[in-house]
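> Got a file for you: protein-v2.cif, mmCIF, C-alpha atoms and all ligand atoms.
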data_model
loop_
_atom_site.label_atom_id
_atom_site.label_comp_id
_atom_site.auth_asym_id
_atom_site.auth_seq_id
_atom_site.Cartn_x
_atom_site.Cartn_y
_atom_site.Cartn_z
CA MET P 126 0.00 0.00 0.00
CA GLY P 127 1.40 3.35 -0.96
CA GLY P 128 1.50 6.67 0.86
CA ALA P 129 -1.34 8.99 1.60
CA THR P 130 -3.31 10.19 -1.37
CA ALA P 131 -5.07 13.47 -0.99
CA VAL P 132 -8.71 12.83 -1.63
CA ALA P 133 -11.08 15.75 -1.48
CA SER P 134 -14.10 15.12 0.66
CA PRO P 135 -17.44 15.80 -1.01
CA ASN P 136 -17.83 18.87 1.21
CA MET P 137 -14.52 20.29 0.07
CA LEU P 138 -15.49 19.76 -3.54
CA LEU P 139 -18.79 21.54 -3.03
CA GLU P 140 -17.00 24.43 -1.38
CA ASN P 141 -14.57 24.72 -4.27
CA ILE P 142 -17.35 24.69 -6.80
CA SER P 143 -19.40 27.41 -5.11
CA ASN P 144 -16.34 29.58 -4.52
CA ARG P 145 -15.36 29.60 -8.14
CA PRO P 146 -17.17 32.32 -10.10
CA VAL P 147 -19.35 31.07 -12.92
CA LEU P 148 -19.28 34.44 -14.70
CA THR P 149 -17.06 37.52 -14.79
CA ILE P 150 -18.76 40.43 -16.48
CA ALA P 151 -17.75 43.99 -17.37
CA HIS P 152 -20.40 46.65 -16.82
CA ILE P 153 -19.68 49.83 -18.74
CA THR P 154 -22.11 52.71 -18.86
CA ASP P 155 -22.46 56.27 -20.13
CA VAL P 156 -19.71 56.03 -22.71
CA HIS P 157 -21.07 59.15 -24.46
CA ILE P 158 -18.75 58.52 -27.38
CA ARG P 159 -17.85 61.50 -29.53
CA ALA P 160 -14.99 62.57 -31.79
CA GLU P 161 -13.59 65.30 -29.51
CA GLU P 162 -11.25 65.11 -26.50
CA GLY P 163 -9.59 61.99 -27.92
CA ALA P 164 -12.58 60.05 -26.63
CA PRO P 165 -12.43 57.20 -29.20
CA SER P 166 -8.83 56.22 -28.42
CA ARG P 167 -9.29 56.73 -24.67
CA PHE P 168 -12.36 54.47 -24.77
CA THR P 169 -10.68 51.76 -26.84
CA ASN P 170 -7.63 51.83 -24.54
CA CYS P 171 -9.97 51.29 -21.64
CA LEU P 172 -11.67 48.39 -23.42
CA GLU P 173 -8.22 46.82 -23.89
CA GLU P 174 -7.63 47.18 -20.14
CA ILE P 175 -11.01 45.60 -19.36
CA LYS P 176 -10.16 42.55 -21.47
CA LYS P 177 -7.29 41.82 -19.06
CA HIS P 178 -9.90 41.02 -16.40
CA LYS P 179 -10.71 37.86 -18.39
CA ILE P 180 -14.35 38.67 -18.67
CA ASP P 181 -17.03 36.55 -20.29
CA PHE P 182 -19.03 39.40 -21.84
CA PHE P 183 -20.01 43.07 -21.59
CA LEU P 184 -23.08 44.77 -20.20
CA ASN P 185 -23.48 48.28 -21.57
CA GLY P 186 -25.76 50.51 -19.53
CA GLY P 187 -26.71 53.06 -22.18
CA ASP P 188 -25.92 56.60 -23.27
CA SER P 189 -23.47 54.94 -25.61
CA ILE P 190 -23.27 58.05 -27.78
CA MET P 191 -22.76 61.65 -26.70
CA ALA P 192 -26.30 62.92 -27.27
CA ALA P 193 -28.71 62.40 -30.17
CA ASP P 194 -31.77 63.42 -28.20
CA TYR P 195 -31.60 67.23 -28.38
CA ASP P 196 -33.79 69.17 -30.84
CA HIS P 197 -30.88 70.59 -32.84
CA VAL P 198 -29.09 67.29 -33.52
CA THR P 199 -28.85 66.47 -37.22
CA ARG P 200 -29.01 63.14 -39.02
CA GLU P 201 -25.33 63.53 -39.95
CA LYS P 202 -24.29 64.09 -36.34
CA THR P 203 -26.31 61.10 -35.14
CA LEU P 204 -24.73 58.91 -37.83
CA GLU P 205 -21.28 60.21 -36.90
CA TYR P 206 -21.77 59.16 -33.28
CA TRP P 207 -22.90 55.67 -34.21
CA THR P 208 -20.06 55.25 -36.71
CA ILE P 209 -17.52 56.07 -33.99
CA TRP P 210 -19.34 53.69 -31.63
CA ASP P 211 -19.04 50.86 -34.16
CA GLN P 212 -15.35 51.61 -34.76
CA CYS P 213 -14.59 51.55 -31.02
CA LEU P 214 -16.49 48.31 -30.51
CA GLN P 215 -14.23 46.60 -33.05
CA THR P 216 -11.79 46.41 -30.11
CA ILE P 217 -14.12 43.94 -28.42
CA ALA P 218 -15.49 42.28 -31.56
CA ASP P 219 -14.80 38.86 -30.01
CA TYR P 220 -17.12 39.56 -27.07
CA GLU P 221 -20.86 39.63 -26.70
CA VAL P 222 -22.19 43.06 -25.68
CA TYR P 223 -25.65 43.32 -24.11
CA SER P 224 -26.75 46.95 -24.16
CA CYS P 225 -29.65 48.94 -22.89
CA ILE P 226 -31.03 52.20 -24.24
CA GLY P 227 -30.12 55.47 -22.54
CA ASN P 228 -31.91 58.78 -22.79
CA HIS P 229 -29.21 60.30 -25.04
CA ASP P 230 -29.14 57.45 -27.58
CA THR P 231 -32.41 58.24 -29.30
CA TRP P 232 -32.83 60.69 -32.18
CA TRP P 233 -36.23 62.33 -31.74
CA ALA P 234 -35.52 65.25 -34.12
CA ALA P 235 -36.02 63.12 -37.25
CA PRO P 236 -38.23 64.85 -39.84
CA SER P 237 -40.98 62.30 -39.30
CA LYS P 238 -41.89 59.38 -37.09
CA GLN P 239 -41.69 57.20 -40.22
CA ASP P 240 -38.01 58.09 -40.63
CA PRO P 241 -35.96 54.88 -40.19
CA MET P 242 -33.66 56.69 -37.75
CA TYR P 243 -36.45 58.05 -35.54
CA GLY P 244 -36.86 56.81 -31.99
CA LYS P 245 -35.90 53.68 -30.11
CA TYR P 246 -36.20 51.12 -32.88
CA TYR P 247 -33.16 52.59 -34.64
CA VAL P 248 -31.17 52.45 -31.38
CA VAL P 249 -32.19 48.80 -30.95
CA GLN P 250 -30.70 48.12 -34.39
CA ARG P 251 -27.50 50.10 -33.78
CA LEU P 252 -26.93 48.41 -30.43
CA LYS P 253 -27.71 45.01 -32.03
CA ILE P 254 -30.16 44.10 -29.27
CA PRO P 255 -33.31 42.01 -29.76
CA ASN P 256 -35.80 44.57 -28.43
CA ARG P 257 -35.95 47.76 -26.33
CA TYR P 258 -36.16 45.41 -23.30
CA TYR P 259 -35.16 41.75 -23.23
CA SER P 260 -33.73 38.92 -21.17
CA PHE P 261 -31.11 36.25 -21.58
CA VAL P 262 -29.51 33.46 -19.56
CA LYS P 263 -25.83 32.67 -18.94
CA LYS P 264 -24.52 29.87 -16.74
CA GLY P 265 -27.71 29.73 -14.70
CA TRP P 266 -27.91 33.51 -14.20
CA HIS P 267 -30.89 35.36 -15.65
CA PHE P 268 -30.38 38.87 -17.02
CA PHE P 269 -33.18 41.39 -17.50
CA VAL P 270 -32.32 44.45 -19.54
CA LEU P 271 -34.89 47.21 -19.10
CA ASP P 272 -36.05 50.26 -21.00
CA GLY P 273 -36.80 52.98 -18.43
CA ASN P 274 -37.16 55.60 -21.16
CA GLN P 275 -40.80 56.41 -20.60
CA PRO P 276 -42.09 59.78 -19.35
CA GLY P 277 -41.09 60.23 -15.72
CA ILE P 278 -38.50 57.40 -16.01
CA ALA P 279 -40.49 54.19 -15.61
CA LEU P 280 -41.36 50.92 -17.23
CA ASP P 281 -44.50 50.96 -19.33
CA GLN P 282 -47.25 48.59 -18.23
CA GLU P 283 -46.50 46.00 -20.92
CA GLN P 284 -42.85 45.89 -19.88
CA PHE P 285 -43.63 45.70 -16.16
CA GLU P 286 -46.00 42.78 -16.75
CA TRP P 287 -43.34 41.05 -18.84
CA LEU P 288 -40.81 41.44 -15.99
CA GLU P 289 -43.36 40.24 -13.44
CA THR P 290 -44.32 37.19 -15.50
CA SER P 291 -40.70 36.37 -16.34
CA LEU P 292 -39.57 36.49 -12.70
CA LYS P 293 -42.53 34.40 -11.63
CA ALA P 294 -41.71 31.79 -14.29
CA LEU P 295 -38.16 31.27 -13.00
CA PRO P 296 -37.58 28.25 -10.78
CA LYS P 297 -37.05 29.14 -7.11
CA HIS P 298 -33.55 30.43 -6.27
CA SER P 299 -32.60 31.12 -9.88
CA PRO P 300 -30.20 34.06 -9.59
CA ALA P 301 -31.21 37.12 -11.57
CA MET P 302 -29.69 40.49 -12.41
CA VAL P 303 -31.46 43.57 -13.71
CA MET P 304 -29.92 46.37 -15.77
CA SER P 305 -31.58 49.71 -16.44
CA HIS P 306 -30.01 52.94 -17.59
CA TYR P 307 -31.48 54.61 -14.50
CA PRO P 308 -31.07 53.71 -10.83
CA ILE P 309 -34.06 51.97 -9.25
CA LEU P 310 -32.98 52.62 -5.65
CA GLY P 311 -29.94 54.37 -4.26
CA THR P 312 -28.42 57.46 -2.76
CA THR P 313 -27.80 59.42 -5.95
CA PRO P 314 -31.49 59.89 -6.90
CA ILE P 315 -31.80 61.80 -3.60
CA LEU P 316 -28.81 63.97 -4.49
CA VAL P 317 -29.46 64.65 -8.16
CA GLY P 318 -32.75 62.99 -9.17
CA GLY P 319 -32.65 60.82 -12.29
CA GLY P 320 -33.99 57.60 -10.75
CA HIS P 321 -36.91 55.35 -11.69
CA SER P 322 -40.20 56.87 -10.57
CA ASP P 323 -41.71 53.36 -10.37
CA PHE P 324 -39.13 52.35 -7.75
CA LYS P 325 -41.76 51.28 -5.25
CA ALA P 326 -43.47 48.85 -7.63
CA LEU P 327 -40.08 47.45 -8.64
CA LYS P 328 -38.89 47.18 -5.03
CA ASN P 329 -42.09 45.28 -4.18
CA LEU P 330 -41.65 42.98 -7.17
CA PHE P 331 -38.04 42.23 -6.22
CA TYR P 332 -39.13 41.53 -2.63
CA GLN P 333 -41.62 38.96 -3.90
CA HIS P 334 -38.70 37.34 -5.71
CA GLN P 335 -35.99 37.89 -3.13
CA ASP P 336 -34.75 34.33 -3.74
CA LYS P 337 -33.99 35.42 -7.31
CA VAL P 338 -33.17 39.12 -7.78
CA LYS P 339 -29.64 39.80 -6.50
CA LEU P 340 -28.33 42.85 -8.31
CA CYS P 341 -29.69 45.91 -10.11
CA LEU P 342 -27.22 47.77 -12.30
CA SER P 343 -27.54 51.31 -13.55
CA GLY P 344 -25.70 54.32 -14.86
CA HIS P 345 -27.07 57.71 -15.97
CA GLN P 346 -25.84 59.56 -12.87
CA HIS P 347 -22.10 59.36 -13.68
CA LEU P 348 -21.87 58.79 -9.92
CA LEU P 349 -20.82 55.74 -7.98
CA ASP P 350 -23.42 54.45 -5.57
CA HIS P 351 -23.87 51.08 -3.92
CA THR P 352 -27.04 50.57 -1.92
CA VAL P 353 -28.31 47.31 -0.43
CA TYR P 354 -32.00 46.99 0.33
CA ASN P 355 -33.90 43.79 1.22
CA GLY P 356 -30.85 41.82 0.16
CA VAL P 357 -30.71 43.32 -3.34
CA GLN P 358 -27.59 45.23 -4.35
CA TYR P 359 -28.27 48.40 -6.32
CA CYS P 360 -25.07 49.42 -8.09
CA CYS P 361 -24.93 52.69 -9.98
CA ASN P 362 -21.59 52.21 -11.66
CA GLY P 363 -20.21 55.69 -12.32
CA SER P 364 -19.47 56.24 -16.00
CA MET P 365 -16.93 55.47 -18.67
CA SER P 366 -16.83 59.13 -19.76
CA GLY P 367 -16.64 60.83 -16.35
CA PHE P 368 -17.20 64.48 -17.16
CA TRP P 369 -18.25 63.54 -20.74
CA TRP P 370 -14.51 63.06 -21.52
CA GLY P 371 -13.83 66.68 -20.51
CA LYS P 372 -11.58 67.87 -17.68
CA GLY P 373 -14.46 68.72 -15.36
CA ASP P 374 -15.79 71.75 -13.54
CA LYS P 375 -15.48 73.29 -10.07
CA GLU P 376 -17.45 70.41 -8.58
CA SER P 377 -15.07 67.79 -10.02
CA ALA P 378 -12.92 66.21 -7.31
CA GLY P 379 -10.21 65.43 -9.90
CA ASP P 380 -9.48 65.62 -13.62
CA TYR P 381 -12.29 64.05 -15.67
CA TYR P 382 -14.37 63.36 -12.55
CA TYR P 383 -18.07 64.03 -12.32
CA GLN P 384 -18.40 65.42 -8.81
CA GLU P 385 -16.61 62.88 -6.59
CA THR P 386 -16.70 59.98 -9.06
CA PRO P 387 -13.80 59.20 -11.38
CA PRO P 388 -14.43 57.69 -14.81
CA GLY P 389 -14.32 53.91 -14.70
CA TYR P 390 -16.04 50.59 -15.20
CA SER P 391 -17.17 47.68 -13.05
CA ILE P 392 -16.24 44.06 -12.95
CA ILE P 393 -19.00 41.78 -11.68
CA THR P 394 -18.30 38.34 -10.35
CA CYS P 395 -21.21 35.88 -10.21
CA TYR P 396 -21.34 32.60 -8.33
CA ALA P 397 -23.62 29.63 -8.93
CA ASP P 398 -25.31 30.04 -5.53
CA GLY P 399 -26.45 33.60 -6.30
CA ARG P 400 -23.66 35.49 -4.60
CA VAL P 401 -22.42 38.41 -6.65
CA GLU P 402 -19.71 41.03 -6.24
CA ASN P 403 -19.49 44.38 -8.01
CA LYS P 404 -16.18 46.25 -8.04
CA TYR P 405 -15.62 49.66 -9.64
CA TYR P 406 -12.28 50.32 -11.32
CA PRO P 407 -11.44 53.97 -12.02
CA HIS P 408 -9.65 54.28 -15.37
CA HIS P 409 -6.86 56.69 -16.23
CA PHE P 410 -7.28 57.25 -19.94
ZN ZN O 501 -28.48 59.03 -19.12
#
Would you mind writing the structure in this file as structure tokens?

Amino acid sequence: MGGATAVASPNMLLENISNRPVLTIAHITDVHIRAEEGAPSRFTNCLEEIKKHKIDFFLNGGDSIMAADYDHVTREKTLEYWTIWDQCLQTIADYEVYSCIGNHDTWWAAPSKQDPMYGKYYVVQRLKIPNRYYSFVKKGWHFFVLDGNQPGIALDQEQFEWLETSLKALPKHSPAMVMSHYPILGTTPILVGGGHSDFKALKNLFYQHQDKVKLCLSGHQHLLDHTVYNGVQYCCNGSMSGFWWGKGDKESAGDYYYQETPPGYSIITCYADGRVENKYYPHHF
């Protein structure tokens, strides 16, 4: 008989399995891409840095382009933004990118509502997403990408019912993550507004499914905010563009900061048992 052979007990094996992440995800938001300030190369350099985190895919929280939503924005300008967006995303062409629509992504100034570039449907096409809101599954985690771009910042009734039905249909303890452009709960809506007005209905829905909903991601604020309520983490993950790629103003705590928040991105680590960690990395590009 030979020497001792290390044999892992079943408990040790279980522990190892649950302590190994099943997914590592990058959450970028508020890229506000534009030609000026060297934004395209700064953004692509940051995407290169993010790849070093060995991520599985990207979540993009919206406001991908600088701003197509104002009255004076032309077709040419809107096309220019999206062309730069496409060029930058070549850097991560090997990765899946799941985006949501931000308030600045949509061109409302089209000459007519029949114009192919008018409204959200065009943004859906440019972001290569299946619908203005949608869900998908990865490694047992369920992802719900929302469209809060209704008057007052809210889900429309159809969308709310879809979310309600979808959560109900998930088997018990299926971990789920929600991404909206706008925070659902948090500190920053108190400071600067900009949060979902239907937060109470959503909070109640998540409480009904507290065995499922673990994390709600947002952007829009360009501020970093991590709130935990009823066991759900609400992470407003700063912004890629900081002060819209500019140096900042008197409220900026540092170069490129928006107020106290530096530009950056988050890396999210998901475990099979529903644990999830969100870490914000300031970038220096
Ligand atoms: Zn926004």
> Using only C-alpha atoms, pick whichever of P:Asp194, P:Glu173, P:Glu201, P:Glu283 has the shortest atom-to-atom distance to Gly227 in chain P.
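For Gly227 in chain P, the nearest of the candidates is P:Asp194.
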> Taking all atoms listed in the file into account, produce a table as a tab-separated table in which each residue of range 266-330 of chain P with an atom at most 7 Å from an atom of range 352-372 of chain P appears once, together with its shortest atom pair and the distance in Å to one decimal, ordered by chain and rising number.

residue	atom	partner	partner_atom	distance
P:Pro308	CA	P:Cys361	CA	6.3
P:Leu310	CA	P:Tyr359	CA	6.4
P:Gly311	CA	P:Thr352	CA	5.3
> Give me, as JSON lines, the closest atom pair and its distance (Å, one decimal) for every residue of chain P within a cut-off of 6 Å of ligand ZN 501 (chain O), counting all atoms listed in the file, rows sorted by chain and rising number.

{"residue": "P:Asp188", "atom": "CA", "partner": "O:ZN501", "partner_atom": "ZN", "distance": 5.4}
{"residue": "P:Gly227", "atom": "CA", "partner": "O:ZN501", "partner_atom": "ZN", "distance": 5.2}
{"residue": "P:Asn228", "atom": "CA", "partner": "O:ZN501", "partner_atom": "ZN", "distance": 5.0}
{"residue": "P:His345", "atom": "CA", "partner": "O:ZN501", "partner_atom": "ZN", "distance": 3.7}
> Out of P:Trp233, P:Tyr243, P:Tyr223, P:Tyr390, which residue has the shortest atom-to-atom distance to Val270 in chain P when counting only C-alpha atoms?
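Closest candidate: P:Tyr223.
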> Looking at P:Pro387, P:Gly187, P:Pro407, P:Gly318, which one is nearest to Ser224 in chain P, with distances taken over all atoms listed in the file?
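Distance minimum relative to Ser224 in chain P lands on P:Gly187.
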> Measuring between all atoms listed in the file, which one of P:Trp210, P:Phe183, P:Thr216, P:Gly244 shows the shortest distance to Ala164 in chain P?
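Going through P:Trp210, P:Phe183, P:Thr216, P:Gly244 one by one, the smallest distance to Ala164 in chain P is for P:Trp210.
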> Would you please work out which residue, of P:Thr312, P:Thr203, P:Ser299, P:Thr386, is nearest to Gln335 in chain P when using all atoms listed in the file?
P:Ser299
